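Structure data follow from work01.cif (mmCIF, C-alpha atoms):
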```cif
data_query
loop_
_atom_site.label_atom_id
_atom_site.label_comp_id
_atom_site.auth_asym_id
_atom_site.auth_seq_id
_atom_site.Cartn_x
_atom_site.Cartn_y
_atom_site.Cartn_z
CA MET A 1 70.80 52.66 103.80
CA ASP A 2 70.01 51.88 107.44
CA ALA A 3 72.33 53.06 110.20
CA TYR A 4 74.70 50.40 111.48
CA PHE A 5 76.30 52.47 114.23
CA LYS A 6 74.08 54.88 116.14
CA THR A 7 74.11 56.93 119.33
CA CYS A 8 70.87 58.15 120.89
CA ASN A 9 70.86 61.06 123.35
CA LEU A 10 74.26 59.94 124.59
CA SER A 11 75.82 61.90 127.44
CA VAL A 12 79.49 61.37 128.30
CA GLY A 13 81.75 62.51 131.10
CA TYR A 14 83.38 61.38 134.33
CA ASP A 15 82.04 60.70 137.83
CA LYS A 16 78.49 61.53 136.65
CA ASN A 17 79.64 65.00 135.57
CA ILE A 18 78.38 65.47 132.03
CA LEU A 19 80.97 66.84 129.63
CA ILE A 20 78.96 66.51 126.38
CA HIS A 21 75.26 65.68 126.14
CA ASP A 22 72.65 64.83 123.52
CA ILE A 23 75.03 63.07 121.13
CA SER A 24 72.82 61.56 118.44
CA VAL A 25 74.51 60.41 115.23
CA ALA A 26 73.98 57.59 112.74
CA VAL A 27 76.51 55.97 110.40
CA GLU A 28 76.02 53.24 107.81
CA LYS A 29 78.03 50.04 107.75
CA GLY A 30 81.44 50.39 106.16
CA LYS A 31 81.57 54.17 106.52
CA ILE A 32 84.18 56.35 108.26
CA LEU A 33 83.22 58.83 110.98
CA THR A 34 85.92 61.24 112.13
CA LEU A 35 85.79 63.42 115.25
CA ILE A 36 87.58 66.75 115.00
CA GLY A 37 87.96 69.52 117.56
CA PRO A 38 90.47 71.22 119.85
CA ASN A 39 92.46 69.46 122.57
CA GLY A 40 90.37 68.84 125.67
CA SER A 41 87.07 69.15 123.83
CA GLY A 42 85.97 65.61 124.67
CA LYS A 43 86.82 63.58 121.57
CA SER A 44 88.65 60.90 123.56
CA THR A 45 85.87 60.79 126.14
CA ILE A 46 83.31 60.07 123.41
CA LEU A 47 85.49 57.36 121.89
CA LYS A 48 86.16 55.72 125.26
CA THR A 49 82.44 55.72 125.99
CA VAL A 50 81.39 54.08 122.72
CA ALA A 51 84.25 51.61 123.25
CA LYS A 52 82.88 50.83 126.76
CA GLN A 53 86.15 51.94 128.34
CA ILE A 54 84.18 54.32 130.56
CA PRO A 55 80.44 54.18 131.38
CA ALA A 56 77.94 56.43 129.64
CA ILE A 57 76.08 58.84 131.88
CA ASN A 58 72.92 58.75 129.79
CA GLY A 59 71.71 57.44 126.45
CA SER A 60 72.49 54.46 124.29
CA VAL A 61 74.92 53.23 121.65
CA TYR A 62 73.70 50.76 119.04
CA ILE A 63 75.61 48.53 116.66
CA ASP A 64 73.45 46.70 114.17
CA SER A 65 70.35 47.65 116.24
CA SER A 66 71.80 46.05 119.39
CA ASP A 67 72.52 48.11 122.53
CA ILE A 68 76.23 47.57 123.24
CA PHE A 69 75.79 48.47 126.90
CA ARG A 70 73.98 45.14 127.27
CA TRP A 71 76.80 43.15 125.70
CA ASN A 72 79.26 41.03 127.63
CA LEU A 73 83.00 41.56 127.15
CA LYS A 74 83.43 38.70 124.70
CA THR A 75 80.65 39.90 122.39
CA MET A 76 82.10 43.40 122.50
CA ALA A 77 85.63 42.15 121.74
CA LYS A 78 84.45 40.11 118.76
CA THR A 79 82.61 43.06 117.26
CA VAL A 80 84.64 46.13 118.19
CA SER A 81 88.40 46.62 118.21
CA VAL A 82 89.90 49.63 119.92
CA MET A 83 93.11 51.59 119.42
CA LEU A 84 93.23 54.37 121.98
CA THR A 85 96.08 56.58 123.15
CA ASP A 86 96.57 54.66 126.41
CA ARG A 87 99.88 52.81 126.53
CA ILE A 88 99.84 49.06 127.05
CA ARG A 89 102.29 47.11 129.19
CA THR A 90 104.42 44.95 126.92
CA ASP A 91 107.36 43.76 129.00
CA MET A 92 109.26 41.06 127.11
CA MET A 93 106.62 40.94 124.35
CA THR A 94 107.43 40.67 120.66
CA CYS A 95 105.41 42.41 117.98
CA PHE A 96 103.85 39.04 117.18
CA ASP A 97 102.79 38.70 120.83
CA VAL A 98 101.18 42.15 120.86
CA VAL A 99 99.28 41.58 117.62
CA SER A 100 98.17 38.12 118.71
CA MET A 101 96.32 39.73 121.62
CA GLY A 102 93.71 40.59 119.00
CA ARG A 103 92.90 36.89 118.68
CA TYR A 104 92.15 36.31 122.38
CA PRO A 105 88.35 36.74 122.01
CA TYR A 106 88.46 33.70 119.71
CA THR A 107 90.81 31.44 121.69
CA ASN A 108 90.19 29.05 124.56
CA ILE A 109 90.73 29.83 128.24
CA VAL A 110 94.51 29.37 128.01
CA GLY A 111 94.80 31.58 124.93
CA PHE A 112 96.15 28.86 122.64
CA LEU A 113 96.62 30.11 119.07
CA THR A 114 95.63 27.83 116.22
CA ASP A 115 97.44 27.81 112.90
CA GLU A 116 94.58 29.89 111.53
CA ASP A 117 95.07 32.43 114.35
CA LYS A 118 98.79 32.64 113.62
CA GLU A 119 98.09 33.16 109.94
CA THR A 120 95.73 36.00 110.85
CA VAL A 121 98.45 37.58 113.03
CA PHE A 122 100.98 37.49 110.20
CA SER A 123 98.52 38.84 107.64
CA SER A 124 97.66 41.67 110.04
CA LEU A 125 101.36 42.50 110.44
CA GLU A 126 101.74 42.46 106.67
CA SER A 127 98.77 44.79 106.23
CA VAL A 128 100.65 47.51 108.15
CA GLY A 129 104.04 46.73 106.61
CA MET A 130 105.55 45.28 109.78
CA GLN A 131 105.85 41.61 108.85
CA ASN A 132 109.64 41.74 109.05
CA GLU A 133 109.45 42.92 112.67
CA ALA A 134 107.27 40.07 113.93
CA TYR A 135 109.78 38.78 116.49
CA ARG A 136 111.30 42.09 117.46
CA ASP A 137 110.83 43.36 121.05
CA PHE A 138 107.88 45.77 120.91
CA ASN A 139 109.57 48.17 123.33
CA THR A 140 112.47 48.73 120.92
CA LEU A 141 110.21 50.20 118.23
CA SER A 142 109.80 53.86 117.45
CA ASP A 143 106.52 55.51 118.41
CA GLY A 144 105.39 55.39 114.80
CA GLN A 145 106.18 51.69 114.50
CA LYS A 146 104.30 51.01 117.73
CA GLN A 147 101.25 52.76 116.27
CA ARG A 148 101.34 50.42 113.30
CA ILE A 149 101.67 47.35 115.50
CA LEU A 150 98.70 48.46 117.61
CA LEU A 151 96.68 48.95 114.43
CA ALA A 152 97.66 45.43 113.36
CA ARG A 153 96.38 44.16 116.72
CA ALA A 154 93.06 45.92 116.10
CA ILE A 155 92.84 44.48 112.58
CA CYS A 156 93.69 41.03 113.94
CA GLN A 157 90.38 40.98 115.84
CA LYS A 158 88.56 41.05 112.50
CA PRO A 159 86.10 43.56 113.90
CA GLU A 160 82.86 44.95 112.51
CA VAL A 161 83.71 48.32 114.06
CA ILE A 162 87.13 49.80 114.78
CA ILE A 163 87.59 52.76 117.14
CA LEU A 164 90.82 54.78 116.98
CA ASP A 165 91.98 57.81 118.94
CA GLU A 166 94.43 59.90 116.91
CA PRO A 167 95.88 56.91 115.04
CA THR A 168 98.17 59.14 112.97
CA ALA A 169 99.94 60.58 116.01
CA TYR A 170 103.72 60.10 115.90
CA LEU A 171 103.63 59.02 112.25
CA ASP A 172 105.56 60.71 109.46
CA ILE A 173 103.64 61.73 106.36
CA LYS A 174 104.43 58.49 104.50
CA HIS A 175 103.06 56.32 107.28
CA LYS A 176 100.09 58.61 107.91
CA ILE A 177 98.99 58.03 104.33
CA GLU A 178 99.66 54.31 104.53
CA LEU A 179 97.68 53.97 107.76
CA LEU A 180 94.72 55.91 106.40
CA ASP A 181 94.84 53.86 103.21
CA ILE A 182 94.56 50.73 105.35
CA LEU A 183 91.54 52.13 107.19
CA SER A 184 89.96 53.20 103.91
CA SER A 185 90.44 49.69 102.52
CA LEU A 186 88.96 48.11 105.65
CA ALA A 187 85.87 50.29 105.26
CA ARG A 188 85.50 49.93 101.51
CA GLU A 189 86.47 46.28 100.99
CA LYS A 190 85.54 44.62 104.28
CA GLU A 191 82.72 46.98 105.32
CA VAL A 192 84.33 47.73 108.67
CA THR A 193 82.81 50.84 110.24
CA VAL A 194 85.61 53.18 111.34
CA ILE A 195 85.18 55.72 114.14
CA MET A 196 88.23 57.82 114.94
CA SER A 197 89.60 61.21 115.90
CA LEU A 198 92.12 63.15 113.85
CA HIS A 199 93.96 66.44 114.25
CA GLU A 200 94.83 66.65 110.55
CA ILE A 201 91.74 68.37 109.17
CA ASP A 202 92.94 68.05 105.58
CA LEU A 203 93.21 64.27 105.96
CA ALA A 204 89.87 64.08 107.75
CA THR A 205 88.11 65.74 104.81
CA LYS A 206 89.71 63.32 102.36
CA ILE A 207 89.03 60.03 104.14
CA SER A 208 85.80 60.61 106.08
CA ASP A 209 82.23 59.91 105.08
CA TYR A 210 81.05 61.83 108.14
CA ILE A 211 82.58 64.54 110.32
CA MET A 212 81.63 65.26 113.94
CA CYS A 213 82.74 68.65 115.27
CA VAL A 214 83.36 68.41 119.02
CA ASN A 215 83.59 71.63 121.00
CA GLY A 216 81.56 72.66 124.04
CA ASP A 217 78.88 70.69 125.86
CA VAL A 218 77.03 69.63 122.70
CA ILE A 219 78.13 68.40 119.28
CA GLU A 220 78.64 71.53 117.22
CA ALA A 221 77.99 69.86 113.86
CA PHE A 222 77.60 66.43 112.27
CA GLY A 223 77.34 65.50 108.61
CA THR A 224 79.34 64.85 105.47
CA PRO A 225 82.56 66.85 104.97
CA ASP A 226 80.89 68.90 102.22
CA GLU A 227 78.00 69.76 104.53
CA ILE A 228 80.10 70.57 107.58
CA LEU A 229 83.38 72.09 106.51
CA LYS A 230 82.70 75.54 105.14
CA THR A 231 85.24 78.34 104.80
CA ASP A 232 85.19 79.49 108.43
CA THR A 233 84.19 76.25 110.17
CA VAL A 234 87.70 75.26 111.23
CA GLU A 235 88.62 78.75 112.41
CA ARG A 236 85.44 78.91 114.50
CA LEU A 237 85.75 75.36 115.83
CA TYR A 238 89.31 75.93 117.03
CA ASN A 239 88.68 79.56 118.05
CA MET A 240 91.57 80.70 115.89
CA LYS A 241 92.47 84.31 116.67
CA LYS A 242 95.54 84.40 114.48
CA GLY A 243 96.16 82.92 111.07
CA THR A 244 93.62 81.24 108.83
CA TYR A 245 92.77 77.75 107.64
CA ASN A 246 92.60 77.27 103.88
CA LEU A 247 89.86 74.72 103.25
CA HIS A 248 90.78 74.26 99.58
CA PHE A 249 94.44 73.53 100.30
CA GLY A 250 93.93 71.91 103.70
CA SER A 251 96.67 74.15 105.02
CA ILE A 252 97.17 76.85 107.61
CA GLU A 253 98.32 80.31 106.67
CA LEU A 254 100.04 82.28 109.40
CA THR A 255 98.97 85.74 110.56
CA LYS A 256 98.83 88.27 107.74
CA PRO A 257 101.18 91.31 107.92
CA LYS A 258 99.58 94.50 109.19
CA GLY A 259 99.81 97.98 107.70
CA GLU A 260 99.69 99.66 104.34
CA PRO A 261 101.17 97.57 101.51
CA LYS A 262 104.77 98.33 100.63
CA VAL A 263 105.12 95.70 97.92
CA PHE A 264 102.88 94.86 94.97
CA VAL A 265 103.05 91.30 93.64
CA VAL A 266 102.14 90.58 90.03
CA GLY A 267 101.67 86.85 89.68
CA GLY A 268 99.15 84.26 88.60
CA GLY A 269 98.99 80.53 88.04
CA GLY A 270 100.57 79.78 91.41
CA CYS A 271 103.73 81.80 90.66
CA GLY A 272 102.93 84.33 93.38
CA ILE A 273 102.53 81.91 96.27
CA PRO A 274 106.24 81.64 97.21
CA TYR A 275 106.43 85.45 97.27
CA PHE A 276 103.24 85.86 99.35
CA ARG A 277 104.60 83.49 101.98
CA ALA A 278 108.09 85.01 101.92
CA LEU A 279 106.57 88.45 102.50
CA GLN A 280 104.43 87.10 105.33
CA LYS A 281 107.50 85.54 106.92
CA GLU A 282 109.20 88.93 106.90
CA GLN A 283 105.94 90.60 108.02
CA ILE A 284 105.95 92.91 105.02
CA PRO A 285 102.43 94.00 104.07
CA PHE A 286 101.73 93.57 100.36
CA ALA A 287 99.13 94.00 97.66
CA ALA A 288 98.54 91.58 94.80
CA GLY A 289 96.77 91.57 91.47
CA ILE A 290 95.24 91.20 89.12
CA ILE A 291 94.31 87.63 90.11
CA PHE A 292 91.35 85.61 88.89
CA GLN A 293 89.23 84.22 91.71
CA ASN A 294 89.72 80.65 90.46
CA ASP A 295 93.50 81.08 90.35
CA ILE A 296 95.54 79.13 92.86
CA ASP A 297 97.34 82.36 93.77
CA PHE A 298 94.07 83.87 94.97
CA GLN A 299 93.61 81.16 97.61
CA VAL A 300 96.80 82.19 99.41
CA ALA A 301 96.94 85.90 98.62
CA SER A 302 93.43 86.48 99.99
CA LYS A 303 94.45 84.88 103.30
CA LEU A 304 97.66 86.90 103.65
CA SER A 305 96.63 90.32 102.38
CA ASP A 306 93.66 92.67 102.61
CA ASN A 307 94.69 94.29 99.33
CA VAL A 308 94.07 91.76 96.58
CA ILE A 309 92.65 92.94 93.27
CA CYS A 310 90.70 90.00 91.88
CA ALA A 311 88.66 89.37 88.75
CA PRO A 312 85.73 86.99 88.16
CA PRO A 313 86.84 83.72 86.55
CA PHE A 314 86.58 83.26 82.79
CA GLU A 315 85.91 86.96 82.25
CA PRO A 316 88.19 89.62 80.73
CA VAL A 317 89.80 92.03 83.19
CA THR A 318 88.02 95.39 83.14
CA GLU A 319 89.54 98.84 82.97
CA GLU A 320 88.06 99.52 86.42
CA LEU A 321 90.06 96.65 87.95
CA PHE A 322 93.22 97.80 86.17
CA TYR A 323 92.71 101.30 87.53
CA ALA A 324 92.25 99.96 91.10
CA ALA A 325 95.40 97.83 90.79
CA SER A 326 97.33 100.77 89.34
CA LYS A 327 96.43 102.99 92.30
CA LEU A 328 97.71 100.37 94.74
CA LEU A 329 100.86 99.70 92.76
CA LEU A 330 101.84 103.39 92.58
CA LYS A 331 101.71 103.59 96.38
CA CYS A 332 104.27 100.79 96.76
CA ASP A 333 108.04 101.01 96.97
CA THR A 334 108.63 97.70 95.20
CA VAL A 335 106.90 95.56 92.59
CA ILE A 336 107.55 91.83 92.35
CA ASP A 337 107.31 90.16 88.98
CA ALA A 338 106.45 86.61 90.05
CA GLY A 339 106.73 85.33 86.50
CA GLY A 340 103.14 84.55 85.62
CA ASN A 341 102.48 83.75 81.97
CA ASP A 342 101.01 86.44 79.76
CA GLY A 343 97.70 85.46 78.21
CA THR A 344 94.67 86.90 76.51
CA PHE A 345 92.80 87.57 79.74
CA ASN A 346 95.70 88.68 81.95
CA HIS A 347 97.60 91.02 79.63
CA TYR A 348 96.82 93.79 82.11
CA ASN A 349 99.46 92.31 84.42
CA ARG A 350 102.10 93.14 81.82
CA LYS A 351 100.72 96.66 81.72
CA LEU A 352 101.12 96.83 85.52
CA LEU A 353 104.79 95.91 85.22
CA ASP A 354 105.24 98.49 82.48
CA LEU A 355 103.57 101.07 84.74
CA ALA A 356 106.05 100.27 87.52
CA SER A 357 108.97 100.65 85.11
CA GLU A 358 107.65 103.97 83.77
CA ASN A 359 107.42 105.32 87.32
CA ASN A 360 110.89 104.08 88.33
CA ILE A 361 109.50 101.66 90.92
CA LYS A 362 111.99 98.94 91.77
CA ILE A 363 111.02 95.60 90.18
CA LYS A 364 112.24 92.36 91.73
CA ASN A 365 111.89 88.81 90.40
CA ASN A 366 113.91 86.81 92.91
CA LYS A 367 112.45 85.64 96.21
CA LYS A 368 115.79 86.10 97.99
CA GLU A 369 115.66 89.81 97.21
CA ILE A 370 112.66 90.16 99.53
CA GLU A 371 114.92 89.65 102.55
CA GLN A 372 117.38 92.33 101.37
#
```
Give the structure from the file, written as structure tokens.
Amino acid sequence: MDAYFKTCNLSVGYDKNILIHDISVAVEKGKILTLIGPNGSGKSTILKTVAKQIPAINGSVYIDSSDIFRWNLKTMAKTVSVMLTDRIRTDMMTCFDVVSMGRYPYTNIVGFLTDEDKETVFSSLESVGMQNEAYRDFNTLSDGQKQRILLARAICQKPEVIILDEPTAYLDIKHKIELLDILSSLAREKEVTVIMSLHEIDLATKISDYIMCVNGDVIEAFGTPDEILKTDTVERLYNMKKGTYNLHFGSIELTKPKGEPKVFVVGGGGCGIPYFRALQKEQIPFAAGIIFQNDIDFQVASKLSDNVICAPPFEPVTEELFYAASKLLLKCDTVIDAGGNDGTFNHYNRKLLDLASENNIKIKNNKKEIEQ
């Protein structure tokens, strides 16, 4: 499929000082491109440039093979809608008034709204779940409600491309999901090309067709989420010195406890996760095992401990692994029985608990006991 939105050797910045150069990306019609990167990396500058809010220093931006820098304001407004972080002045304006601003590219010189325009305003309000607030003063809304009204204004333009800077800011989880569902529907059903920035990496991987990693004076990476987001990509992109990002869970794990393990956790099937995180919270170093590498417990334990005895998936646990786990366990003061189910392949975990009992090592099976 041919690219609908494309940048060629684009350089962006302020007062002819280049912040990021050689931005060359291509996105098909109806796809979602998400910019990720640390604060101050230039995501907003890129978005403002492709939205013609600030001039490009070099290069070109094309929509449907047409250079947007040659467009007049009306052509731009009929093709591209913008929802940036800049606050708009809305003194004495209702939500209907704010959303109706999206129809101005289509109205006459006095901004008269036709019945069709008004219907479009109401349908846009309904699409973001704000139809009951149509005549409410915009300034009385919460920040999250204002975000939804501004999205309705962008939708009201009926654009071919929509540009959004951190649209999920200020929204609770329910409304984050609803907003992203709206954008996904716009892309999938109406073939609107969506270009936005997000701080929620887990949401970016789920909604985006393309990811652009912004950090430094050039684009660090561009491609599909599967191509771009590898295990250490997020940690490198954000220069994380403490903690880790779990790509599989889309979650952050805090800094792992330091030192020799004092506690051995016997879990599996996700039963160990509450204990791993409780131990991390108390900064108690721990060991864990025997965990299969495809077990959900492994995803968290391996981020929070350097002492995880793991087995290949779908293979019986070997005597060698049991011996390694036993050595670690016998060095610990406490063993936690996280309550994992006994099965054909993990019967060695029961043997580990028996070993702890035989050696009079304290066995706990209640998360609250960790804090005692």
Hits of the PyMOL selection byres ((chain A and resi 340) around 10) in this structure, as a ChimeraX atom specification: /A:266-272,337-339,341-343,346,349-350
Atom-to-atom span, atom CA of A:Pro285 and atom CA of A:Pro257, Å: 4.9 Å
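Applied to this file, the PyMOL selection byres ((chain A and resi 21) around 6) selects Ser11, Ile20, Asp22, Ile23 and Val218 of chain A.
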Exercise: residues within 12 Å of coordinate (96.9, 87.0, 116.2), counting all atoms listed in the file, as a PyMOL selection string: chain A and resi 239-244+253-258
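Nearest residue to A:Tyr170, choosing from A:Ser142, A:Thr75, A:Thr49, A:Asn359 and counting only C-alpha atoms: A:Ser142.
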Hits of the PyMOL selection byres ((chain A and resi 364) around 8) in this structure, as a VMD selection string: chain A and resid 334 to 337 362 to 363 365 to 366 369
Selected residue of minimal separation from A:Gly250 among A:Leu329, A:Leu113, A:Ile201, A:Ala287, counting all atoms listed in the file: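 Nearest to A:Gly250: A:Ile201.
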